[in-house]
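To be precise, the following lines are coords.pdb, and they hold PDB, C-alpha atoms.
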ATOM      1  CA  MET A 156     -69.503  25.034 -46.901
ATOM      2  CA  THR A 157     -71.440  22.392 -45.035
ATOM      3  CA  GLY A 158     -68.418  20.736 -43.427
ATOM      4  CA  GLU A 159     -69.146  17.435 -45.205
ATOM      5  CA  VAL A 160     -66.284  15.397 -46.584
ATOM      6  CA  PRO A 161     -66.553  15.030 -50.377
ATOM      7  CA  PRO A 162     -66.816  11.437 -51.638
ATOM      8  CA  ARG A 163     -63.627   9.778 -52.770
ATOM      9  CA  PRO A 164     -63.367   9.340 -56.565
ATOM     10  CA  ALA A 165     -63.594   5.806 -57.879
ATOM     11  CA  GLY A 166     -60.250   4.104 -58.262
ATOM     12  CA  HIS A 167     -58.549   6.588 -56.003
ATOM     13  CA  THR A 168     -56.007   5.205 -53.595
ATOM     14  CA  PRO A 169     -54.754   7.381 -50.792
ATOM     15  CA  ALA A 170     -51.161   8.452 -50.977
ATOM     16  CA  ARG A 171     -48.929   6.628 -48.536
ATOM     17  CA  LEU A 172     -46.338   8.333 -46.471
ATOM     18  CA  PRO A 173     -42.789   7.245 -47.161
ATOM     19  CA  HIS A 174     -41.789   4.411 -44.863
ATOM     20  CA  SER A 175     -38.871   5.151 -42.580
ATOM     21  CA  PRO A 176     -37.317   2.033 -41.102
ATOM     22  CA  VAL A 177     -37.173   1.932 -37.322
ATOM     23  CA  THR A 178     -33.728   1.277 -35.995
ATOM     24  CA  GLN A 179     -33.855  -1.468 -33.410
ATOM     25  CA  PRO A 180     -31.371  -1.453 -30.528
ATOM     26  CA  PRO A 181     -28.728  -4.132 -30.751
ATOM     27  CA  ALA A 182     -29.787  -7.357 -29.111
ATOM     28  CA  ILE A 183     -27.997  -8.341 -25.944
ATOM     29  CA  PRO A 184     -26.490 -11.819 -26.154
ATOM     30  CA  LEU A 185     -28.128 -14.224 -23.762
ATOM     31  CA  HIS A 186     -24.785 -15.541 -22.577
ATOM     32  CA  SER A 187     -23.192 -12.270 -21.464
ATOM     33  CA  PRO A 188     -23.033 -10.274 -18.210
ATOM     34  CA  GLN A 189     -25.435  -7.709 -19.701
ATOM     35  CA  SER A 190     -28.172 -10.355 -19.813
ATOM     36  CA  LEU A 191     -27.843 -11.154 -16.106
ATOM     37  CA  HIS A 192     -30.232  -9.720 -13.570
ATOM     38  CA  PRO A 193     -28.872  -6.422 -12.174
ATOM     39  CA  LEU A 194     -28.951  -7.775  -8.626
ATOM     40  CA  THR A 195     -26.708 -10.656  -9.709
ATOM     41  CA  MET A 196     -24.032  -8.264 -10.944
ATOM     42  CA  LEU A 197     -24.511  -6.084  -7.854
ATOM     43  CA  THR A 198     -23.977  -9.138  -5.636
ATOM     44  CA  VAL A 199     -20.837 -10.074  -7.586
ATOM     45  CA  SER A 200     -19.467  -6.567  -7.081
ATOM     46  CA  LEU A 201     -20.258  -6.599  -3.357
ATOM     47  CA  MET A 202     -18.713 -10.041  -3.036
ATOM     48  CA  ALA A 203     -15.533  -8.767  -4.682
ATOM     49  CA  VAL A 204     -15.393  -5.764  -2.340
ATOM     50  CA  VAL A 205     -15.905  -7.935   0.758
ATOM     51  CA  ALA A 206     -13.274 -10.418  -0.425
ATOM     52  CA  GLY A 207     -10.795  -7.635  -1.137
ATOM     53  CA  ALA A 208     -11.328  -6.098   2.297
ATOM     54  CA  SER A 209     -11.235  -9.431   4.156
ATOM     55  CA  LEU A 210      -8.337 -11.332   2.586
ATOM     56  CA  PRO A 211      -5.123 -10.756   4.550
ATOM     57  CA  ILE A 212      -2.354 -10.749   1.933
ATOM     58  CA  THR A 213      -1.809  -8.925  -1.339
ATOM     59  CA  PRO A 214      -1.625 -11.958  -3.698
ATOM     60  CA  TRP A 215      -5.027 -13.185  -2.524
ATOM     61  CA  VAL A 216      -6.580  -9.749  -3.024
ATOM     62  CA  LEU A 217      -5.068  -9.438  -6.500
ATOM     63  CA  ALA A 218      -6.403 -12.914  -7.266
ATOM     64  CA  VAL A 219      -9.930 -11.524  -6.778
ATOM     65  CA  PHE A 220      -9.222  -8.816  -9.346
ATOM     66  CA  VAL A 221      -7.507 -11.104 -11.858
ATOM     67  CA  GLY A 222      -9.691 -14.175 -11.322
ATOM     68  CA  LEU A 223     -13.122 -12.531 -11.011
ATOM     69  CA  LEU A 224     -13.311  -8.956 -12.300
ATOM     70  CA  VAL A 225     -11.010  -9.272 -15.311
ATOM     71  CA  PRO A 226     -12.804 -12.369 -16.731
ATOM     72  CA  LEU A 227     -16.172 -10.661 -16.251
ATOM     73  CA  ALA A 228     -14.937  -7.588 -18.105
ATOM     74  CA  ALA A 229     -13.615  -9.776 -20.926
ATOM     75  CA  TRP A 230     -16.904 -11.699 -21.008
ATOM     76  CA  GLY A 231     -18.802  -8.440 -21.346
ATOM     77  CA  ARG A 232     -16.398  -7.135 -24.031
ATOM     78  CA  ARG A 233     -15.292  -4.246 -21.830
ATOM     79  CA  LEU A 234     -11.806  -5.450 -20.943
ATOM     80  CA  GLY A 235      -9.831  -2.618 -22.549
ATOM     81  CA  ALA A 236     -12.001   0.181 -21.180
ATOM     82  CA  PHE A 237     -12.131  -1.531 -17.775
ATOM     83  CA  LEU A 238      -8.353  -1.848 -17.451
ATOM     84  CA  ARG A 239      -7.778   1.736 -18.627
ATOM     85  CA  ALA A 240     -10.291   3.085 -16.127
ATOM     86  CA  CYS A 241      -8.756   1.074 -13.275
ATOM     87  CA  ALA A 242      -5.246   2.206 -14.147
ATOM     88  CA  LYS A 243      -6.348   5.835 -14.363
ATOM     89  CA  PHE A 244      -8.057   5.687 -10.967
ATOM     90  CA  ILE A 245      -5.552   3.642  -8.999
ATOM     91  CA  TRP A 246      -2.113   5.032  -9.833
ATOM     92  CA  PRO A 247      -2.356   8.344  -7.867
ATOM     93  CA  PHE A 248      -3.576   6.541  -4.757
ATOM     94  CA  ALA A 249      -1.047   3.733  -5.105
ATOM     95  CA  LEU A 250       1.838   6.172  -5.543
ATOM     96  CA  SER A 251       0.899   8.190  -2.476
ATOM     97  CA  LEU A 252       0.378   5.045  -0.384
ATOM     98  CA  VAL A 253       3.752   3.599  -1.387
ATOM     99  CA  ILE A 254       5.509   6.817  -0.391
ATOM    100  CA  ILE A 255       3.638   7.534   2.850
ATOM    101  CA  GLN A 256       3.338   4.003   4.207
ATOM    102  CA  GLY A 257       6.912   3.141   3.295
ATOM    103  CA  PHE A 258       8.387   5.994   5.304
ATOM    104  CA  PHE A 259       5.947   6.143   8.216
ATOM    105  CA  THR A 260       5.279   2.456   8.958
ATOM    106  CA  PRO A 261       7.789   1.150  11.512
ATOM    107  CA  GLY A 262       9.626  -2.064  10.791
ATOM    108  CA  SER A 263      12.880  -3.895  11.238
ATOM    109  CA  ASN A 264      13.639  -4.419   7.527
ATOM    110  CA  VAL A 265      14.936  -1.076   6.232
ATOM    111  CA  LEU A 266      15.229  -0.922   2.440
ATOM    112  CA  PHE A 267      16.898   2.506   2.253
ATOM    113  CA  ARG A 268      17.244   5.746   4.177
ATOM    114  CA  LEU A 269      16.468   9.293   3.126
ATOM    115  CA  GLY A 270      17.956  11.609   5.716
ATOM    116  CA  PRO A 271      16.309  10.881   9.059
ATOM    117  CA  PHE A 272      13.570   8.775   7.436
ATOM    118  CA  SER A 273      13.744   5.031   6.851
ATOM    119  CA  TYR A 274      11.810   3.239   4.135
ATOM    120  CA  THR A 275      10.776  -0.174   5.476
ATOM    121  CA  LEU A 276       9.731  -3.390   3.804
ATOM    122  CA  GLU A 277       6.765  -3.627   6.180
ATOM    123  CA  GLY A 278       5.541  -0.219   4.992
ATOM    124  CA  LEU A 279       5.824  -1.270   1.368
ATOM    125  CA  GLN A 280       3.818  -4.423   2.067
ATOM    126  CA  VAL A 281       1.084  -2.412   3.803
ATOM    127  CA  ALA A 282       0.975   0.036   0.882
ATOM    128  CA  LEU A 283       0.660  -2.764  -1.661
ATOM    129  CA  LEU A 284      -2.109  -4.410   0.363
ATOM    130  CA  PHE A 285      -4.097  -1.178   0.652
ATOM    131  CA  SER A 286      -3.556  -0.410  -3.040
ATOM    132  CA  SER A 287      -4.754  -3.857  -4.093
ATOM    133  CA  ARG A 288      -7.859  -3.520  -1.919
ATOM    134  CA  LEU A 289      -8.572  -0.118  -3.422
ATOM    135  CA  LEU A 290      -8.069  -1.585  -6.895
ATOM    136  CA  VAL A 291     -10.640  -4.310  -6.229
ATOM    137  CA  GLY A 292     -13.169  -1.855  -4.775
ATOM    138  CA  LEU A 293     -12.847   0.669  -7.598
ATOM    139  CA  GLY A 294     -12.755  -2.116 -10.174
ATOM    140  CA  ALA A 295     -15.950  -3.686  -8.850
ATOM    141  CA  ALA A 296     -17.837  -0.367  -8.958
ATOM    142  CA  THR A 297     -16.440   0.480 -12.407
ATOM    143  CA  LEU A 298     -17.351  -2.899 -13.867
ATOM    144  CA  LEU A 299     -20.857  -2.698 -12.411
ATOM    145  CA  MET A 300     -21.550   0.650 -14.095
ATOM    146  CA  MET A 301     -19.988  -0.525 -17.377
ATOM    147  CA  ILE A 302     -22.161  -3.616 -17.645
ATOM    148  CA  ILE A 303     -25.459  -2.827 -15.912
ATOM    149  CA  ARG A 304     -27.790  -0.032 -17.008
ATOM    150  CA  PRO A 305     -28.527   2.356 -14.112
ATOM    151  CA  ASP A 306     -32.274   2.385 -14.780
ATOM    152  CA  ALA A 307     -32.373  -1.432 -14.721
ATOM    153  CA  LEU A 308     -30.449  -1.547 -11.440
ATOM    154  CA  MET A 309     -32.741   1.051  -9.886
ATOM    155  CA  ARG A 310     -35.797  -0.873 -11.066
ATOM    156  CA  ALA A 311     -34.419  -4.089  -9.565
ATOM    157  CA  LEU A 312     -33.818  -2.418  -6.205
ATOM    158  CA  VAL A 313     -37.300  -0.896  -6.167
ATOM    159  CA  GLU A 314     -38.869  -4.255  -7.046
ATOM    160  CA  ARG A 315     -37.184  -5.739  -3.972
ATOM    161  CA  GLY A 316     -38.880  -3.166  -1.737
ATOM    162  CA  LEU A 317     -36.211  -0.473  -1.541
ATOM    163  CA  PRO A 318     -37.701   3.060  -1.476
ATOM    164  CA  ASN A 319     -37.258   5.106  -4.630
ATOM    165  CA  GLN A 320     -35.262   7.762  -2.790
ATOM    166  CA  ILE A 321     -32.726   5.271  -1.409
ATOM    167  CA  ALA A 322     -32.365   3.522  -4.776
ATOM    168  CA  TYR A 323     -31.783   6.872  -6.470
ATOM    169  CA  ILE A 324     -29.085   7.787  -3.940
ATOM    170  CA  ILE A 325     -27.290   4.480  -4.569
ATOM    171  CA  ILE A 326     -27.391   4.915  -8.347
ATOM    172  CA  THR A 327     -26.221   8.518  -8.103
ATOM    173  CA  ALA A 328     -23.303   7.514  -5.877
ATOM    174  CA  LEU A 329     -22.208   4.871  -8.388
ATOM    175  CA  GLN A 330     -22.422   7.351 -11.255
ATOM    176  CA  ILE A 331     -20.729  10.289  -9.578
ATOM    177  CA  VAL A 332     -17.203   9.591 -10.835
ATOM    178  CA  PRO A 333     -18.148   9.034 -14.534
ATOM    179  CA  THR A 334     -20.450  12.071 -14.393
ATOM    180  CA  PHE A 335     -17.723  14.323 -13.007
ATOM    181  CA  GLN A 336     -15.244  13.007 -15.561
ATOM    182  CA  ALA A 337     -17.559  13.725 -18.492
ATOM    183  CA  ARG A 338     -18.415  17.194 -17.194
ATOM    184  CA  GLY A 339     -14.756  17.948 -16.504
ATOM    185  CA  ARG A 340     -13.765  16.968 -20.049
ATOM    186  CA  ALA A 341     -16.500  19.185 -21.493
ATOM    187  CA  ILE A 342     -15.396  22.164 -19.386
ATOM    188  CA  LEU A 343     -11.754  21.532 -20.263
ATOM    189  CA  ASP A 344     -12.559  21.474 -23.992
ATOM    190  CA  ALA A 345     -14.536  24.708 -23.627
ATOM    191  CA  GLN A 346     -11.656  26.417 -21.840
ATOM    192  CA  ARG A 347      -9.216  25.250 -24.512
ATOM    193  CA  ALA A 348     -11.504  26.672 -27.195
ATOM    194  CA  ARG A 349     -11.245  30.028 -25.406
ATOM    195  CA  GLY A 350      -7.462  29.900 -25.602
ATOM    196  CA  LEU A 351      -6.640  28.652 -22.107
ATOM    197  CA  GLU A 352      -3.408  26.659 -21.905
ATOM    198  CA  THR A 353      -4.039  23.386 -20.103
ATOM    199  CA  GLU A 354      -1.041  21.302 -21.158
ATOM    200  CA  GLY A 355       2.632  21.733 -20.545
ATOM    201  CA  ALA A 356       4.706  22.234 -17.428
ATOM    202  CA  LEU A 357       3.326  21.874 -13.912
ATOM    203  CA  PRO A 358       2.847  25.648 -13.316
ATOM    204  CA  VAL A 359       0.750  25.864 -16.499
ATOM    205  CA  ARG A 360      -1.500  23.024 -15.352
ATOM    206  CA  LEU A 361      -1.864  24.558 -11.893
ATOM    207  CA  ARG A 362      -2.965  27.876 -13.416
ATOM    208  CA  ALA A 363      -5.592  26.008 -15.466
ATOM    209  CA  PHE A 364      -6.916  24.240 -12.369
ATOM    210  CA  ALA A 365      -8.931  27.175 -10.970
ATOM    211  CA  PRO A 366     -10.831  27.909 -14.221
ATOM    212  CA  LEU A 367     -11.769  24.225 -14.290
ATOM    213  CA  VAL A 368     -12.902  23.761 -10.684
ATOM    214  CA  GLY A 369     -15.195  26.787 -10.541
ATOM    215  CA  PRO A 370     -17.434  25.857 -13.501
ATOM    216  CA  LEU A 371     -17.366  22.209 -12.416
ATOM    217  CA  ILE A 372     -18.805  23.008  -8.973
ATOM    218  CA  LEU A 373     -21.349  25.503 -10.311
ATOM    219  CA  SER A 374     -22.557  23.141 -13.035
ATOM    220  CA  SER A 375     -22.895  20.338 -10.484
ATOM    221  CA  LEU A 376     -25.059  22.511  -8.241
ATOM    222  CA  MET A 377     -27.199  23.540 -11.200
ATOM    223  CA  GLN A 378     -27.608  19.925 -12.254
ATOM    224  CA  ILE A 379     -28.865  19.019  -8.774
ATOM    225  CA  GLU A 380     -31.700  21.525  -9.140
ATOM    226  CA  GLU A 381     -32.463  20.399 -12.699
ATOM    227  CA  ARG A 382     -32.625  16.758 -11.611
ATOM    228  CA  ALA A 383     -34.907  17.613  -8.700
ATOM    229  CA  ILE A 384     -37.312  19.451 -11.016
ATOM    230  CA  ALA A 385     -37.241  16.611 -13.550
ATOM    231  CA  LEU A 386     -37.909  14.000 -10.858
ATOM    232  CA  GLU A 387     -40.829  15.927  -9.384
ATOM    233  CA  ALA A 388     -42.286  16.423 -12.873
ATOM    234  CA  ARG A 389     -42.319  12.620 -13.145
ATOM    235  CA  ALA A 390     -44.008  12.212  -9.738
ATOM    236  CA  PHE A 391     -40.903  10.655  -8.243
ATOM    237  CA  SER A 392     -42.043  11.155  -4.639
ATOM    238  CA  ARG A 393     -45.575   9.886  -5.279
ATOM    239  CA  PRO A 394     -46.390   6.860  -3.087
ATOM    240  CA  GLY A 395     -47.955   3.705  -4.417
ATOM    241  CA  LYS A 396     -47.184   1.037  -6.978
ATOM    242  CA  ARG A 397     -45.532   2.060 -10.229
ATOM    243  CA  THR A 398     -45.230   0.595 -13.675
ATOM    244  CA  SER A 399     -42.056   0.584 -15.729
ATOM    245  CA  PHE A 400     -40.985   0.058 -19.306
ATOM    246  CA  VAL A 401     -37.909  -1.798 -18.024
ATOM    247  CA  ALA A 402     -38.594  -5.539 -17.949
ATOM    248  CA  LEU A 403     -36.115  -7.586 -15.929
ATOM    249  CA  ARG A 404     -35.476 -11.285 -16.405
ATOM    250  CA  ASP A 405     -34.514 -13.399 -13.419
ATOM    251  CA  SER A 406     -34.078 -17.109 -12.886
ATOM    252  CA  ARG A 407     -33.917 -19.533  -9.999
ATOM    253  CA  LEU A 408     -30.287 -20.293 -10.823
ATOM    254  CA  GLN A 409     -29.328 -16.641 -10.492
ATOM    255  CA  SER A 410     -31.244 -16.378  -7.228
ATOM    256  CA  LEU A 411     -29.395 -19.377  -5.804
ATOM    257  CA  LEU A 412     -26.102 -17.921  -7.029
ATOM    258  CA  ARG A 413     -26.826 -14.629  -5.254
ATOM    259  CA  TRP A 414     -27.596 -16.404  -1.983
ATOM    260  CA  ALA A 415     -24.415 -18.482  -2.299
ATOM    261  CA  MET A 416     -22.308 -15.351  -2.845
ATOM    262  CA  MET A 417     -23.907 -13.614   0.138
ATOM    263  CA  LEU A 418     -23.156 -16.639   2.329
ATOM    264  CA  GLY A 419     -19.603 -16.614   1.005
ATOM    265  CA  ALA A 420     -19.255 -12.926   1.886
ATOM    266  CA  VAL A 421     -20.478 -13.619   5.430
ATOM    267  CA  ALA A 422     -17.992 -16.495   5.728
ATOM    268  CA  LEU A 423     -15.149 -14.207   4.640
ATOM    269  CA  ILE A 424     -16.110 -11.598   7.216
ATOM    270  CA  VAL A 425     -16.245 -14.228   9.976
ATOM    271  CA  ALA A 426     -12.862 -15.632   8.903
ATOM    272  CA  ARG A 427     -11.425 -12.134   8.909
ATOM    273  CA  ILE A 428     -12.616 -11.486  12.451
ATOM    274  CA  LEU A 429     -11.801 -14.873  13.982
ATOM    275  CA  LEU A 430      -8.731 -16.049  12.074
ATOM    276  CA  TRP A 431      -6.902 -13.499   9.976
ATOM    277  CA  SER A 432      -7.192 -10.592  12.421
ATOM    278  CA  ARG A 433      -4.783 -12.401  14.745
ATOM    279  CA  ARG A 434      -1.948 -12.172  12.255
TER
END
Kindly return the structure encoded in the file as structure tokens.
Amino acid sequence: MTGEVPPRPAGHTPARLPHSPVTQPPAIPLHSPQSLHPLTMLTVSLMAVVAGASLPITPWVLAVFVGLLVPLAAWGRRLGAFLRACAKFIWPFALSLVIIQGFFTPGSNVLFRLGPFSYTLEGLQVALLFSSRLLVGLGAATLLMMIIRPDALMRALVERGLPNQIAYIIITALQIVPTFQARGRAILDAQRARGLETEGALPVRLRAFAPLVGPLILSSLMQIEERAIALEARAFSRPGKRTSFVALRDSRLQSLLRWAMMLGAVALIVARILLWSRR
């Protein structure tokens, strides 16, 4: 054998491999929140949080949720999932606030008495205000993670000069609740497959709580180490300019809109300090 390639016979055509069609990802509509620059959606979320924390009465705070966050969720075709997530997050906090604030906030308008404790109208109003502010804050963070891809948001922050480590911490903080929920559901399904009773009366659910919390904490600690190894394998801490496969589209209109929302947030904070804090 000389290692030479034998000549191809006349008329021979090489066999072609079967063609497998490449599945393209669904196109994002140009007129949807998903097509906006990640910093635009981040600014909207921050504006909603500042407005919710600054406005003095409950109807105004709820108007931010109904007039800003709900239309954005409907525009992005996430309205059902957004409302379910908000309801799931807010009701335990709202219930505890209504009970605690109602009984322990002093006031002259007593709605009813329970032994030595008086439930006041002023306490109920404070509880509703705090609950509405919490609803706006949780809703803004939930909507941001539903609409914007985390890698695109991290890329946008890095492009604006934010260090990789700080951008990663911000993205991780925004994803911590969905990550814990997904891991908790997986652990709960695994425990059910092993015969653990997780549904029923309150004592049954309390007994199932310990077998859920232990694996959840251990898996979270293990994931921290796995993420650190994966990041170092990708030279995450390497200094210098980086390239990215994520291409972000921005426009002058969106930039002006972001500046206008930031000025509006500053105006709300000033109004809160100078005007509404006197009430």
Q | Distance criterion (all atoms listed in the file): nearest to Pro226 of chain A out of A:Leu312, A:Asn264, A:Ser187, A:Gln336 | A |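 Under the stated criterion, the closest residue is A:Ser187.
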Q: Neighbourhood query: residues within 12 Å of (-27.6, -12.2, -0.1), file coordinates, counting all atoms listed in the file; return as a PyMOL selection string.
A: chain A and resi 194-195+197-199+201-202+409-421
Please expand the PyMOL selection byres ((chain A and resi 291) around 7) into the concrete residues it hits in this file, giving the result as a tab-separated table (two decimals) with C-alpha atoms, in the coordinates of the input.
chain	number	residue	atom	x	y	z
A	203	ALA	CA	-15.53	-8.77	-4.68
A	204	VAL	CA	-15.39	-5.76	-2.34
A	207	GLY	CA	-10.80	-7.64	-1.14
A	220	PHE	CA	-9.22	-8.82	-9.35
A	287	SER	CA	-4.75	-3.86	-4.09
A	288	ARG	CA	-7.86	-3.52	-1.92
A	289	LEU	CA	-8.57	-0.12	-3.42
A	290	LEU	CA	-8.07	-1.58	-6.90
A	292	GLY	CA	-13.17	-1.86	-4.78
A	293	LEU	CA	-12.85	0.67	-7.60
A	294	GLY	CA	-12.76	-2.12	-10.17
A	295	ALA	CA	-15.95	-3.69	-8.85
(Q) I'd like to know which of A:Asp344, A:Leu227, A:Gln320, A:Ile325 is closest to Leu386 of chain A, using only C-alpha atoms. (A) A:Gln320
Q: Could you check which of A:Leu408, A:Ala322, A:Ala228, A:Ala348 is closest to Ala240 of chain A, using only C-alpha atoms?
A: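 When distances to Ala240 of chain A are compared using only C-alpha atoms, the smallest one comes from A:Ala228.
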Q.
Restricting the calculation to all atoms listed in the file: of A:Arg404, A:Ala236, A:Leu308, A:Leu430, which residue gets closest to Ser190 of chain A?
A.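 For Ser190 of chain A, the nearest of the given residues is A:Arg404.
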Q) Out of A:Leu217, A:Tyr274, A:Pro366, A:Ser286, which residue has the shortest atom-to-atom distance to Trp246 of chain A when counting all atoms listed in the file? A)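 Selected residue with least distance to Trp246 of chain A: A:Ser286.
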Do you know which residues are at most 12 Å from Gln378 of chain A counting all atoms listed in the file, after dropping those on the same chain fewer than 6 positions away, and could you put them as a PDB file with C-alpha atoms, keeping the file's coordinate frame?
ATOM      1  CA  THR A 334     -20.450  12.071 -14.393  1.00  0.00           C
ATOM      2  CA  PHE A 335     -17.723  14.323 -13.007  1.00  0.00           C
ATOM      3  CA  ARG A 338     -18.415  17.194 -17.194  1.00  0.00           C
ATOM      4  CA  PRO A 370     -17.434  25.857 -13.501  1.00  0.00           C
ATOM      5  CA  LEU A 371     -17.366  22.209 -12.416  1.00  0.00           C
ATOM      6  CA  ILE A 372     -18.805  23.008  -8.973  1.00  0.00           C
ATOM      7  CA  ILE A 384     -37.312  19.451 -11.016  1.00  0.00           C
ATOM      8  CA  ALA A 385     -37.241  16.611 -13.550  1.00  0.00           C
ATOM      9  CA  LEU A 386     -37.909  14.000 -10.858  1.00  0.00           C
TER      10      LEU A 386
END
Explicit residue set for the PyMOL selection byres ((chain A and resi 247-262) around 12), as a compact mmCIF listing (two decimals) with C-alpha atoms, keeping the file's coordinate frame:
# COMPACT_ATOMS: atom_id res chain seq x y z
CA CYS A 241 -8.76 1.07 -13.28
CA ALA A 242 -5.25 2.21 -14.15
CA LYS A 243 -6.35 5.84 -14.36
CA PHE A 244 -8.06 5.69 -10.97
CA ILE A 245 -5.55 3.64 -9.00
CA TRP A 246 -2.11 5.03 -9.83
CA SER A 263 12.88 -3.90 11.24
CA ASN A 264 13.64 -4.42 7.53
CA VAL A 265 14.94 -1.08 6.23
CA LEU A 266 15.23 -0.92 2.44
CA PHE A 267 16.90 2.51 2.25
CA ARG A 268 17.24 5.75 4.18
CA LEU A 269 16.47 9.29 3.13
CA GLY A 270 17.96 11.61 5.72
CA PRO A 271 16.31 10.88 9.06
CA PHE A 272 13.57 8.78 7.44
CA SER A 273 13.74 5.03 6.85
CA TYR A 274 11.81 3.24 4.14
CA THR A 275 10.78 -0.17 5.48
CA LEU A 276 9.73 -3.39 3.80
CA GLU A 277 6.76 -3.63 6.18
CA GLY A 278 5.54 -0.22 4.99
CA LEU A 279 5.82 -1.27 1.37
CA GLN A 280 3.82 -4.42 2.07
CA VAL A 281 1.08 -2.41 3.80
CA ALA A 282 0.98 0.04 0.88
CA LEU A 283 0.66 -2.76 -1.66
CA LEU A 284 -2.11 -4.41 0.36
CA PHE A 285 -4.10 -1.18 0.65
CA SER A 286 -3.56 -0.41 -3.04
CA SER A 287 -4.75 -3.86 -4.09
CA ARG A 288 -7.86 -3.52 -1.92
CA LEU A 289 -8.57 -0.12 -3.42
CA LEU A 290 -8.07 -1.58 -6.90
CA LEU A 293 -12.85 0.67 -7.60
Q.
Can you spell out as a list of chain:residue names the set of residues that the PyMOL selection byres ((chain A and resi 210) around 10) selects in the structure I just provided?
A.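 Selected by the PyMOL selection byres ((chain A and resi 210) around 10) here: A:Val205, A:Ala206, A:Gly207, A:Ala208, A:Ser209, A:Pro211, A:Ile212, A:Thr213, A:Pro214, A:Trp215, A:Val216, A:Leu217, A:Val219, A:Leu284, A:Arg288, A:Leu423, A:Ile424, A:Ala426, A:Arg427, A:Trp431, A:Ser432.
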Q.
Just to confirm, what's the straight-line distance from atom CA of Arg232 of chain A to atom CA of Ala341 of chain A in Å (one decimal)?
A.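 Atom-to-atom, atom CA of Arg232 of chain A and atom CA of Ala341 of chain A are spaced 26.4 Å apart.
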Q: Could you check how far atom CA of Leu367 of chain A sits from atom CA of Ile342 of chain A, in Å to one decimal?
A: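 Interatomic distance, atom CA of Leu367 of chain A to atom CA of Ile342 of chain A: 6.6 Å.
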(Q) Ranking A:Pro193, A:Gly350, A:Gly222, A:Gly369 by minimum distance to Val313 of chain A and counting only C-alpha atoms, which one comes first? (A) A:Pro193
Q. Interatomic distance between atom CA of Pro333 of chain A and atom CA of Ala296 of chain A?
A.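 We find that atom CA of Pro333 of chain A and atom CA of Ala296 of chain A lie 10.9 Å from each other.
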